[in-house]
Amino acid sequence: MSDHKLTTRTIIGLEIHVQLATRSKMFCDCAVEFAAAPNSRVCPVCLGLPGALPVMNRQAVRMAVTAGLALNCKIASFTKWDRKNYYYPDLPKNYQISQYDLPLGRDGYFDIQVHGNARRVGIIRAHLEEDAGKNIHDRPGCTLVDLNRTGTPLLEIVTGPDLRSAEEACTFAVELQRLVTYLGVSEGVMQKGQMRFEPNVNVAITSGGLEYRTPISEIKNLNSFKALRRAVEYESHRQVRDWLADRAYLQGQRPNENRGWNDEGGVTRLQRTKEEVHDYRYFPEPDLVPVELAPAEVAEIRAALPELPLARRARFVSELRLSAKDAETIVADRATADLFEQAVAAGGPAGVLGKQFVNVWAKLANERGVRIYELPPDAERIGALATLVDDGVVSATAANQIAEKMLDSPDSPKSLAEAMGLVRVSDSSQIDEWVDQVLAANERAVQTILTDPKKAQAGEGFLRGQVMRLSGGKADPRLAGELIARRIEEIKSSAG
Ligand code: ZN
Ligand code: MN
């Protein structure tokens, strides 16, 4: 900033609400369903009617344990439910059922990679709670309340203040989304509000040999990676600016703040200072029995954990010899990574398959708005196409066309290649004919090769390209190169 001796370090912790992918709500049988008719997925329990009794959804607990284990948390063998009391129109009971002093998971960590460097982020706690409803402010003069969402199971994950930049925070969020979808505990669809981020941000400023810390802002309810990145970036700069304008803008001297993100303006705005923050008066929920988790049940859930994305990526690099970038792209989606491994198991060469997944199949899937595993060809045929390229039967370019055809045809890649006339020509008399035509049509290039040794190699490469073009990509490029070199030698010796 303006002071030339000033250095800054941004300190970020994240609170994330992840919606669990259960069929029904946390404490009643109502369906969890996005965009259903307002107030059509409600019952006395989630409406908070007097006398209605909640019953715990065991599947939500098991999903939370799954996520907790994957986040390396200690899983509590005994936990309970607590009421978090506050009054708001979208909260019909006037309290939220949550977990206060005994979270289901605590003291874990999650490893991420930022620019190839490993970063370990502490997980302070992961607890279960229910969601509130939704206030809708789209009509003038009134607010509508939709309670379909009340009681939806949420896993709240709180990280340590271990993230150092908007980029790191964003990478963490992306990896967490990948993790929960891999585990199948959440669909992680941001557009449906299934993951919401609340970063806590402040800045350590070093100036004149002293360190100053700005008050912590909690930015509420961000529902996209982009908003998370922009809000953290804005906030880290805003705090340094405010400290430069008022050197008493410091933790301890000024209150911590809750701030809202304004996406259009690209700014955060003060909502309230923490001095005004509610006392939620937590107390144990009397209507629910505590949750006991037998060690055997936790062990069973642990044994069922799939290989996690980071480990799988590393294995794809070390075992299957994929590039780090290709491995990351393929592993990003679990079902697609499964398909890839099945194609390798079916005999497909991993290297060619890696390239084809990233360059060919990903493109075809994108064009159709689906993931690779949702495309029609099965692992068997996908592997067979890669084998055709690996064996030199078709060129990589020809494989693109065959792949596209495979979407509509159940035929084998081999018979498609034959039907489409894409099988590579390794017959030297056929290639000789093409070489003849190319040499005749490119006399200047031939002259350059004969007279300028420095340009000979590039010249032959050019001629080979012309042969490939003339053959429609079917000529065996190595053979074409050999035949061109041989012909040039012949011309040289007959001229000399
Ligand atoms: Zn209900
Ligand atoms: Mn919460």
# chains A, B, ... in the order shown; residues from 1 in each chain; ligands from 1

$ residues_near_ligand --ligand "ligand 1" --cutoff "10 Å" --atoms "only C-alpha atoms and all ligand atoms" --output "number ranges by chain"
A: 24-32, 40-48, 52, 54, 147-152

$ write_last_selection --atoms "N, CA and C atoms" --output "PDB file, in the first residue's frame"
ATOM      1  N   SER A  24     -35.307 -37.126   2.967  1.00  0.00           N
ATOM      2  CA  SER A  24     -36.246 -36.396   3.821  1.00  0.00           C
ATOM      3  C   SER A  24     -35.490 -35.464   4.769  1.00  0.00           C
ATOM      4  N   LYS A  25     -36.264 -34.650   5.487  1.00  0.00           N
ATOM      5  CA  LYS A  25     -35.671 -33.608   6.325  1.00  0.00           C
ATOM      6  C   LYS A  25     -35.000 -34.180   7.581  1.00  0.00           C
ATOM      7  N   MET A  26     -34.380 -33.286   8.344  1.00  0.00           N
ATOM      8  CA  MET A  26     -33.564 -33.698   9.494  1.00  0.00           C
ATOM      9  C   MET A  26     -34.396 -34.323  10.611  1.00  0.00           C
ATOM     10  N   PHE A  27     -35.592 -33.766  10.854  1.00  0.00           N
ATOM     11  CA  PHE A  27     -36.369 -34.243  12.012  1.00  0.00           C
ATOM     12  C   PHE A  27     -37.818 -34.605  11.667  1.00  0.00           C
ATOM     13  N   CYS A  28     -38.137 -34.698  10.368  1.00  0.00           N
ATOM     14  CA  CYS A  28     -39.479 -35.136   9.982  1.00  0.00           C
ATOM     15  C   CYS A  28     -39.393 -35.856   8.641  1.00  0.00           C
ATOM     16  N   ASP A  29     -40.554 -36.344   8.162  1.00  0.00           N
ATOM     17  CA  ASP A  29     -40.573 -37.154   6.938  1.00  0.00           C
ATOM     18  C   ASP A  29     -40.725 -36.334   5.668  1.00  0.00           C
ATOM     19  N   CYS A  30     -40.844 -34.990   5.799  1.00  0.00           N
ATOM     20  CA  CYS A  30     -41.071 -34.168   4.604  1.00  0.00           C
ATOM     21  C   CYS A  30     -39.915 -34.323   3.620  1.00  0.00           C
ATOM     22  N   ALA A  31     -40.261 -34.311   2.323  1.00  0.00           N
ATOM     23  CA  ALA A  31     -39.245 -34.445   1.290  1.00  0.00           C
ATOM     24  C   ALA A  31     -38.399 -33.179   1.210  1.00  0.00           C
ATOM     25  N   VAL A  32     -37.097 -33.372   0.976  1.00  0.00           N
ATOM     26  CA  VAL A  32     -36.215 -32.244   0.673  1.00  0.00           C
ATOM     27  C   VAL A  32     -36.270 -32.082  -0.839  1.00  0.00           C
ATOM     28  N   SER A  40     -45.426 -26.485   0.346  1.00  0.00           N
ATOM     29  CA  SER A  40     -46.071 -27.758   0.025  1.00  0.00           C
ATOM     30  C   SER A  40     -45.298 -28.939   0.619  1.00  0.00           C
ATOM     31  N   ARG A  41     -44.109 -28.700   1.153  1.00  0.00           N
ATOM     32  CA  ARG A  41     -43.310 -29.779   1.730  1.00  0.00           C
ATOM     33  C   ARG A  41     -43.104 -29.489   3.213  1.00  0.00           C
ATOM     34  N   VAL A  42     -44.227 -29.404   3.915  1.00  0.00           N
ATOM     35  CA  VAL A  42     -44.173 -29.034   5.335  1.00  0.00           C
ATOM     36  C   VAL A  42     -45.121 -29.916   6.136  1.00  0.00           C
ATOM     37  N   CYS A  43     -44.863 -29.992   7.455  1.00  0.00           N
ATOM     38  CA  CYS A  43     -45.709 -30.770   8.347  1.00  0.00           C
ATOM     39  C   CYS A  43     -45.675 -30.097   9.713  1.00  0.00           C
ATOM     40  N   PRO A  44     -46.430 -30.570  10.681  1.00  0.00           N
ATOM     41  CA  PRO A  44     -46.420 -29.922  12.004  1.00  0.00           C
ATOM     42  C   PRO A  44     -45.023 -29.789  12.615  1.00  0.00           C
ATOM     43  N   VAL A  45     -44.127 -30.756  12.338  1.00  0.00           N
ATOM     44  CA  VAL A  45     -42.788 -30.682  12.950  1.00  0.00           C
ATOM     45  C   VAL A  45     -42.004 -29.511  12.368  1.00  0.00           C
ATOM     46  N   CYS A  46     -41.907 -29.449  11.015  1.00  0.00           N
ATOM     47  CA  CYS A  46     -41.061 -28.394  10.448  1.00  0.00           C
ATOM     48  C   CYS A  46     -41.782 -27.047  10.419  1.00  0.00           C
ATOM     49  N   LEU A  47     -43.080 -27.048  10.658  1.00  0.00           N
ATOM     50  CA  LEU A  47     -43.791 -25.779  10.820  1.00  0.00           C
ATOM     51  C   LEU A  47     -43.704 -25.285  12.268  1.00  0.00           C
ATOM     52  N   GLY A  48     -43.192 -26.154  13.149  1.00  0.00           N
ATOM     53  CA  GLY A  48     -43.038 -25.754  14.549  1.00  0.00           C
ATOM     54  C   GLY A  48     -44.363 -25.648  15.278  1.00  0.00           C
ATOM     55  N   ALA A  52     -45.778 -30.932  18.325  1.00  0.00           N
ATOM     56  CA  ALA A  52     -45.165 -31.813  17.326  1.00  0.00           C
ATOM     57  C   ALA A  52     -43.772 -32.219  17.802  1.00  0.00           C
ATOM     58  N   PRO A  54     -39.962 -33.863  17.077  1.00  0.00           N
ATOM     59  CA  PRO A  54     -38.978 -34.213  16.041  1.00  0.00           C
ATOM     60  C   PRO A  54     -38.455 -35.634  16.225  1.00  0.00           C
ATOM     61  N   LEU A 147     -41.643 -22.146   3.671  1.00  0.00           N
ATOM     62  CA  LEU A 147     -41.029 -22.990   4.703  1.00  0.00           C
ATOM     63  C   LEU A 147     -40.642 -24.380   4.198  1.00  0.00           C
ATOM     64  N   ASN A 148     -40.645 -24.582   2.879  1.00  0.00           N
ATOM     65  CA  ASN A 148     -40.222 -25.885   2.353  1.00  0.00           C
ATOM     66  C   ASN A 148     -38.818 -26.261   2.819  1.00  0.00           C
ATOM     67  N   ARG A 149     -37.973 -25.263   2.980  1.00  0.00           N
ATOM     68  CA  ARG A 149     -36.574 -25.535   3.305  1.00  0.00           C
ATOM     69  C   ARG A 149     -36.338 -25.744   4.799  1.00  0.00           C
ATOM     70  N   THR A 150     -37.273 -25.358   5.635  1.00  0.00           N
ATOM     71  CA  THR A 150     -37.046 -25.522   7.080  1.00  0.00           C
ATOM     72  C   THR A 150     -36.830 -26.997   7.393  1.00  0.00           C
ATOM     73  N   GLY A 151     -35.846 -27.265   8.215  1.00  0.00           N
ATOM     74  CA  GLY A 151     -35.595 -28.641   8.624  1.00  0.00           C
ATOM     75  C   GLY A 151     -34.707 -29.418   7.671  1.00  0.00           C
ATOM     76  N   THR A 152     -34.226 -28.784   6.595  1.00  0.00           N
ATOM     77  CA  THR A 152     -33.291 -29.466   5.695  1.00  0.00           C
ATOM     78  C   THR A 152     -31.983 -29.726   6.448  1.00  0.00           C
TER      79      THR A 152
END

$ residues_near_ligand --ligand "ligand 2" --cutoff "9 Å" --atoms "only C-alpha atoms and all ligand atoms" --output "PDB file with all heavy atoms, in the first residue's frame"
ATOM      1  N   GLU A  15     -16.559 -20.675   7.363  1.00  0.00           N
ATOM      2  CA  GLU A  15     -17.675 -21.469   7.860  1.00  0.00           C
ATOM      3  C   GLU A  15     -18.482 -21.858   6.636  1.00  0.00           C
ATOM      4  O   GLU A  15     -18.836 -21.001   5.833  1.00  0.00           O
ATOM      5  CB  GLU A  15     -18.563 -20.646   8.791  1.00  0.00           C
ATOM      6  CG  GLU A  15     -17.939 -20.378  10.150  1.00  0.00           C
ATOM      7  CD  GLU A  15     -18.846 -19.524  11.025  1.00  0.00           C
ATOM      8  OE1 GLU A  15     -20.085 -19.646  10.906  1.00  0.00           O
ATOM      9  OE2 GLU A  15     -18.308 -18.720  11.791  1.00  0.00           O
ATOM     10  N   ILE A  16     -18.752 -23.146   6.503  1.00  0.00           N
ATOM     11  CA  ILE A  16     -19.459 -23.606   5.310  1.00  0.00           C
ATOM     12  C   ILE A  16     -20.676 -24.411   5.740  1.00  0.00           C
ATOM     13  O   ILE A  16     -20.568 -25.303   6.587  1.00  0.00           O
ATOM     14  CB  ILE A  16     -18.562 -24.493   4.417  1.00  0.00           C
ATOM     15  CG1 ILE A  16     -17.242 -23.779   4.113  1.00  0.00           C
ATOM     16  CG2 ILE A  16     -19.266 -24.851   3.126  1.00  0.00           C
ATOM     17  CD1 ILE A  16     -16.053 -24.411   4.727  1.00  0.00           C
ATOM     18  N   HIS A  17     -21.813 -24.092   5.158  1.00  0.00           N
ATOM     19  CA  HIS A  17     -23.002 -24.909   5.354  1.00  0.00           C
ATOM     20  C   HIS A  17     -23.182 -25.795   4.128  1.00  0.00           C
ATOM     21  O   HIS A  17     -23.289 -25.291   3.016  1.00  0.00           O
ATOM     22  CB  HIS A  17     -24.240 -24.032   5.534  1.00  0.00           C
ATOM     23  CG  HIS A  17     -24.305 -23.364   6.885  1.00  0.00           C
ATOM     24  ND1 HIS A  17     -23.795 -22.116   7.127  1.00  0.00           N
ATOM     25  CD2 HIS A  17     -24.816 -23.798   8.055  1.00  0.00           C
ATOM     26  CE1 HIS A  17     -23.992 -21.803   8.401  1.00  0.00           C
ATOM     27  NE2 HIS A  17     -24.611 -22.797   8.991  1.00  0.00           N
ATOM     28  N   GLN A  96     -33.438 -22.788  16.296  1.00  0.00           N
ATOM     29  CA  GLN A  96     -32.896 -23.740  15.316  1.00  0.00           C
ATOM     30  C   GLN A  96     -32.306 -24.892  16.108  1.00  0.00           C
ATOM     31  O   GLN A  96     -31.605 -24.664  17.101  1.00  0.00           O
ATOM     32  CB  GLN A  96     -31.800 -23.037  14.495  1.00  0.00           C
ATOM     33  CG  GLN A  96     -31.081 -23.940  13.508  1.00  0.00           C
ATOM     34  CD  GLN A  96     -29.802 -23.282  12.957  1.00  0.00           C
ATOM     35  OE1 GLN A  96     -29.153 -22.496  13.643  1.00  0.00           O
ATOM     36  NE2 GLN A  96     -29.455 -23.622  11.733  1.00  0.00           N
ATOM     37  N   SER A  98     -29.533 -27.358  16.614  1.00  0.00           N
ATOM     38  CA  SER A  98     -28.140 -27.385  16.174  1.00  0.00           C
ATOM     39  C   SER A  98     -27.340 -28.181  17.198  1.00  0.00           C
ATOM     40  O   SER A  98     -27.915 -28.834  18.066  1.00  0.00           O
ATOM     41  CB  SER A  98     -27.634 -25.936  16.071  1.00  0.00           C
ATOM     42  OG  SER A  98     -26.301 -25.912  15.598  1.00  0.00           O
ATOM     43  N   HIS A 127     -20.577 -29.863  12.572  1.00  0.00           N
ATOM     44  CA  HIS A 127     -21.769 -30.278  13.321  1.00  0.00           C
ATOM     45  C   HIS A 127     -23.019 -30.266  12.449  1.00  0.00           C
ATOM     46  O   HIS A 127     -23.049 -29.656  11.389  1.00  0.00           O
ATOM     47  CB  HIS A 127     -21.951 -29.398  14.575  1.00  0.00           C
ATOM     48  CG  HIS A 127     -22.396 -27.992  14.263  1.00  0.00           C
ATOM     49  ND1 HIS A 127     -21.555 -26.914  14.364  1.00  0.00           N
ATOM     50  CD2 HIS A 127     -23.593 -27.500  13.877  1.00  0.00           C
ATOM     51  CE1 HIS A 127     -22.213 -25.810  14.028  1.00  0.00           C
ATOM     52  NE2 HIS A 127     -23.449 -26.138  13.730  1.00  0.00           N
ATOM     53  N   LEU A 128     -24.022 -30.970  12.932  1.00  0.00           N
ATOM     54  CA  LEU A 128     -25.287 -31.078  12.206  1.00  0.00           C
ATOM     55  C   LEU A 128     -26.267 -30.027  12.710  1.00  0.00           C
ATOM     56  O   LEU A 128     -26.294 -29.705  13.895  1.00  0.00           O
ATOM     57  CB  LEU A 128     -25.899 -32.448  12.476  1.00  0.00           C
ATOM     58  CG  LEU A 128     -25.613 -33.557  11.480  1.00  0.00           C
ATOM     59  CD1 LEU A 128     -26.075 -34.884  12.077  1.00  0.00           C
ATOM     60  CD2 LEU A 128     -26.324 -33.307  10.154  1.00  0.00           C
ATOM     61  N   GLU A 129     -27.094 -29.537  11.813  1.00  0.00           N
ATOM     62  CA  GLU A 129     -28.171 -28.646  12.230  1.00  0.00           C
ATOM     63  C   GLU A 129     -29.241 -28.644  11.140  1.00  0.00           C
ATOM     64  O   GLU A 129     -29.079 -29.241  10.087  1.00  0.00           O
ATOM     65  CB  GLU A 129     -27.646 -27.233  12.501  1.00  0.00           C
ATOM     66  CG  GLU A 129     -27.013 -26.561  11.300  1.00  0.00           C
ATOM     67  CD  GLU A 129     -26.385 -25.205  11.647  1.00  0.00           C
ATOM     68  OE1 GLU A 129     -25.899 -25.039  12.784  1.00  0.00           O
ATOM     69  OE2 GLU A 129     -26.393 -24.327  10.772  1.00  0.00           O
ATOM     70  N   GLU A 130     -30.339 -27.941  11.443  1.00  0.00           N
ATOM     71  CA  GLU A 130     -31.408 -27.854  10.441  1.00  0.00           C
ATOM     72  C   GLU A 130     -31.391 -26.467   9.814  1.00  0.00           C
ATOM     73  O   GLU A 130     -30.993 -25.488  10.437  1.00  0.00           O
ATOM     74  CB  GLU A 130     -32.764 -28.112  11.118  1.00  0.00           C
ATOM     75  CG  GLU A 130     -33.028 -27.173  12.289  1.00  0.00           C
ATOM     76  CD  GLU A 130     -34.435 -27.312  12.857  1.00  0.00           C
ATOM     77  OE1 GLU A 130     -35.278 -27.946  12.218  1.00  0.00           O
ATOM     78  OE2 GLU A 130     -34.676 -26.759  13.948  1.00  0.00           O
ATOM     79  N   ASP A 131     -31.835 -26.399   8.572  1.00  0.00           N
ATOM     80  CA  ASP A 131     -31.899 -25.123   7.863  1.00  0.00           C
ATOM     81  C   ASP A 131     -33.164 -24.373   8.267  1.00  0.00           C
ATOM     82  O   ASP A 131     -34.108 -24.961   8.823  1.00  0.00           O
ATOM     83  CB  ASP A 131     -31.904 -25.378   6.344  1.00  0.00           C
ATOM     84  CG  ASP A 131     -31.319 -24.207   5.555  1.00  0.00           C
ATOM     85  OD1 ASP A 131     -31.112 -23.125   6.145  1.00  0.00           O
ATOM     86  OD2 ASP A 131     -31.077 -24.379   4.340  1.00  0.00           O
ATOM     87  N   LEU A 154     -28.267 -29.831   7.450  1.00  0.00           N
ATOM     88  CA  LEU A 154     -27.052 -29.118   7.050  1.00  0.00           C
ATOM     89  C   LEU A 154     -25.884 -29.639   7.876  1.00  0.00           C
ATOM     90  O   LEU A 154     -26.030 -29.942   9.055  1.00  0.00           O
ATOM     91  CB  LEU A 154     -27.172 -27.622   7.328  1.00  0.00           C
ATOM     92  CG  LEU A 154     -28.272 -26.824   6.642  1.00  0.00           C
ATOM     93  CD1 LEU A 154     -28.216 -25.370   7.125  1.00  0.00           C
ATOM     94  CD2 LEU A 154     -28.126 -26.894   5.122  1.00  0.00           C
ATOM     95  N   LEU A 155     -24.717 -29.710   7.241  1.00  0.00           N
ATOM     96  CA  LEU A 155     -23.482 -29.934   7.967  1.00  0.00           C
ATOM     97  C   LEU A 155     -22.754 -28.601   7.975  1.00  0.00           C
ATOM     98  O   LEU A 155     -22.467 -28.044   6.918  1.00  0.00           O
ATOM     99  CB  LEU A 155     -22.644 -31.005   7.262  1.00  0.00           C
ATOM    100  CG  LEU A 155     -21.346 -31.384   7.974  1.00  0.00           C
ATOM    101  CD1 LEU A 155     -21.643 -32.086   9.293  1.00  0.00           C
ATOM    102  CD2 LEU A 155     -20.486 -32.275   7.088  1.00  0.00           C
ATOM    103  N   GLU A 156     -22.510 -28.061   9.171  1.00  0.00           N
ATOM    104  CA  GLU A 156     -21.742 -26.820   9.251  1.00  0.00           C
ATOM    105  C   GLU A 156     -20.297 -27.164   9.568  1.00  0.00           C
ATOM    106  O   GLU A 156     -19.998 -27.819  10.567  1.00  0.00           O
ATOM    107  CB  GLU A 156     -22.302 -25.870  10.310  1.00  0.00           C
ATOM    108  CG  GLU A 156     -21.494 -24.578  10.366  1.00  0.00           C
ATOM    109  CD  GLU A 156     -22.033 -23.528  11.332  1.00  0.00           C
ATOM    110  OE1 GLU A 156     -23.263 -23.463  11.528  1.00  0.00           O
ATOM    111  OE2 GLU A 156     -21.211 -22.784  11.891  1.00  0.00           O
ATOM    112  N   ILE A 157     -19.405 -26.723   8.686  1.00  0.00           N
ATOM    113  CA  ILE A 157     -17.974 -27.014   8.830  1.00  0.00           C
ATOM    114  C   ILE A 157     -17.251 -25.703   9.120  1.00  0.00           C
ATOM    115  O   ILE A 157     -17.460 -24.712   8.419  1.00  0.00           O
ATOM    116  CB  ILE A 157     -17.424 -27.645   7.529  1.00  0.00           C
ATOM    117  CG1 ILE A 157     -18.140 -28.979   7.247  1.00  0.00           C
ATOM    118  CG2 ILE A 157     -15.910 -27.847   7.606  1.00  0.00           C
ATOM    119  CD1 ILE A 157     -17.973 -29.481   5.829  1.00  0.00           C
TER     120      ILE A 157
END

$ closest_residue --among "A:Arg58, A:Lys93, A:Arg125, A:Arg321" --to "A:Arg106" --atoms "only C-alpha atoms"
A:Arg125

$ closest_atom_pairs --of "stretch 125-232 of chain A" --to "stretch 322-337 of chain A" --cutoff "10 Å" --atoms "only C-alpha atoms" --output "Markdown table"
| residue | atom | partner | partner_atom | distance |
| --- | --- | --- | --- | --- |
| A:Val174 | CA | A:Ala332 | CA | 9.9 |
| A:Glu175 | CA | A:Ala332 | CA | 9.0 |
| A:Arg178 | CA | A:Ala332 | CA | 6.7 |
| A:Leu179 | CA | A:Ala332 | CA | 9.4 |
| A:Thr181 | CA | A:Arg334 | CA | 8.1 |
| A:Tyr182 | CA | A:Arg334 | CA | 5.8 |
| A:Leu183 | CA | A:Arg334 | CA | 9.1 |
| A:Gly184 | CA | A:Arg334 | CA | 9.6 |

$ write_last_selection --atoms "C-alpha atoms" --output "PDB file, in the first residue's frame"
ATOM      1  CA  VAL A 174     -13.768 -26.081  -4.643  1.00  0.00           C
ATOM      2  CA  GLU A 175     -11.972 -29.057  -3.080  1.00  0.00           C
ATOM      3  CA  ARG A 178     -15.425 -32.120  -4.796  1.00  0.00           C
ATOM      4  CA  LEU A 179     -15.029 -34.055  -1.553  1.00  0.00           C
ATOM      5  CA  THR A 181     -19.892 -34.920  -3.966  1.00  0.00           C
ATOM      6  CA  TYR A 182     -17.299 -37.729  -4.113  1.00  0.00           C
ATOM      7  CA  LEU A 183     -18.569 -38.999  -0.793  1.00  0.00           C
ATOM      8  CA  GLY A 184     -22.143 -38.740  -2.051  1.00  0.00           C
TER       9      GLY A 184
END

$ closest_residue --among "A:Ile97, A:Val394, A:Ala419, A:Leu250" --to "A:Tyr282" --atoms "only C-alpha atoms"
A:Ile97

$ residues_around --residues "A:Ile219" --least-positions-apart "5" --cutoff "8 Å" --atoms "only C-alpha atoms" --output "PyMOL selection string"
chain A and resi 198-201+231+258-261+268

$ write_last_selection --atoms "all heavy atoms" --output "short mmCIF file (atom, residue, chain, number, x, y, z; two decimals), in the first residue's frame"
data_model
loop_
_atom_site.label_atom_id
_atom_site.label_comp_id
_atom_site.auth_asym_id
_atom_site.auth_seq_id
_atom_site.Cartn_x
_atom_site.Cartn_y
_atom_site.Cartn_z
N GLU A 198 -19.25 -18.59 4.57
CA GLU A 198 -19.15 -17.39 5.38
C GLU A 198 -17.70 -17.23 5.82
O GLU A 198 -17.29 -17.81 6.83
CB GLU A 198 -20.11 -17.48 6.57
CG GLU A 198 -21.54 -17.59 6.08
CD GLU A 198 -22.61 -17.50 7.15
OE1 GLU A 198 -22.31 -17.79 8.32
OE2 GLU A 198 -23.74 -17.13 6.80
N PRO A 199 -16.91 -16.46 5.06
CA PRO A 199 -15.52 -16.27 5.44
C PRO A 199 -15.38 -15.26 6.59
O PRO A 199 -16.09 -14.27 6.63
CB PRO A 199 -14.86 -15.73 4.17
CG PRO A 199 -15.97 -15.13 3.37
CD PRO A 199 -17.23 -15.84 3.76
N ASN A 200 -14.47 -15.58 7.52
CA ASN A 200 -14.05 -14.63 8.54
C ASN A 200 -12.70 -14.09 8.10
O ASN A 200 -11.77 -14.88 7.89
CB ASN A 200 -13.88 -15.33 9.89
CG ASN A 200 -15.23 -15.60 10.54
OD1 ASN A 200 -15.69 -14.82 11.35
ND2 ASN A 200 -15.86 -16.69 10.14
N VAL A 201 -12.61 -12.77 7.95
CA VAL A 201 -11.41 -12.19 7.36
C VAL A 201 -10.85 -11.09 8.25
O VAL A 201 -11.61 -10.24 8.73
CB VAL A 201 -11.75 -11.56 5.98
CG1 VAL A 201 -10.49 -10.97 5.32
CG2 VAL A 201 -12.41 -12.56 5.05
N ALA A 231 -15.37 -11.33 -2.58
CA ALA A 231 -15.67 -10.73 -1.28
C ALA A 231 -14.43 -10.73 -0.39
O ALA A 231 -14.14 -9.74 0.30
CB ALA A 231 -16.82 -11.49 -0.61
N ASN A 258 -20.23 -8.08 11.24
CA ASN A 258 -20.89 -8.91 10.25
C ASN A 258 -21.12 -8.05 9.02
O ASN A 258 -21.65 -6.94 9.14
CB ASN A 258 -22.25 -9.41 10.75
CG ASN A 258 -22.11 -10.67 11.59
OD1 ASN A 258 -21.00 -11.16 11.78
ND2 ASN A 258 -23.23 -11.18 12.07
N ARG A 259 -20.72 -8.54 7.87
CA ARG A 259 -20.89 -7.74 6.65
C ARG A 259 -21.60 -8.55 5.58
O ARG A 259 -21.51 -9.77 5.53
CB ARG A 259 -19.53 -7.25 6.14
CG ARG A 259 -18.81 -6.34 7.16
CD ARG A 259 -17.48 -5.85 6.64
NE ARG A 259 -17.61 -4.79 5.64
CZ ARG A 259 -17.61 -3.49 5.92
NH1 ARG A 259 -17.51 -3.06 7.17
NH2 ARG A 259 -17.72 -2.61 4.94
N GLY A 260 -22.34 -7.84 4.74
CA GLY A 260 -23.03 -8.49 3.63
C GLY A 260 -22.30 -8.19 2.33
O GLY A 260 -21.64 -7.15 2.22
N TRP A 261 -22.39 -9.09 1.38
CA TRP A 261 -21.72 -8.90 0.09
C TRP A 261 -22.74 -8.38 -0.92
O TRP A 261 -23.82 -8.94 -1.08
CB TRP A 261 -21.14 -10.22 -0.39
CG TRP A 261 -20.62 -10.23 -1.80
CD1 TRP A 261 -21.10 -10.97 -2.84
CD2 TRP A 261 -19.51 -9.47 -2.31
NE1 TRP A 261 -20.35 -10.72 -3.97
CE2 TRP A 261 -19.38 -9.80 -3.67
CE3 TRP A 261 -18.63 -8.54 -1.75
CZ2 TRP A 261 -18.39 -9.23 -4.48
CZ3 TRP A 261 -17.65 -7.97 -2.56
CH2 TRP A 261 -17.53 -8.33 -3.91
N THR A 268 -18.49 -5.07 0.24
CA THR A 268 -19.16 -5.58 1.45
C THR A 268 -19.74 -4.38 2.19
O THR A 268 -19.20 -3.28 2.11
CB THR A 268 -18.19 -6.32 2.38
OG1 THR A 268 -17.20 -5.40 2.85
CG2 THR A 268 -17.49 -7.48 1.67
#

$ closest_residue --among "A:Pro295, A:Val289, A:Gln437, A:Tyr212" --to "A:Leu53" --atoms "only C-alpha atoms"
A:Val289

$ select_by_dssp --residues "stretch 204-418 of chain A" --states "helix (DSSP H, G or I)" --output "JSON, numbers by chain"
{"A": [225, 226, 227, 228, 229, 230, 231, 232, 233, 234, 235, 236, 237, 238, 239, 240, 241, 242, 243, 244, 245, 274, 275, 276, 295, 296, 297, 298, 299, 300, 301, 302, 303, 309, 310, 311, 312, 313, 314, 315, 316, 317, 318, 324, 325, 326, 327, 328, 329, 330, 331, 334, 335, 336, 337, 338, 339, 340, 341, 342, 343, 344, 345, 350, 351, 352, 353, 354, 355, 356, 357, 358, 359, 360, 361, 362, 363, 364, 365, 366, 367, 368, 372, 373, 374, 379, 380, 381, 382, 383, 384, 385, 386, 387, 388, 389, 390, 396, 397, 398, 399, 400, 401, 402, 403, 404, 405, 406, 413, 414, 415, 416, 417, 418]}
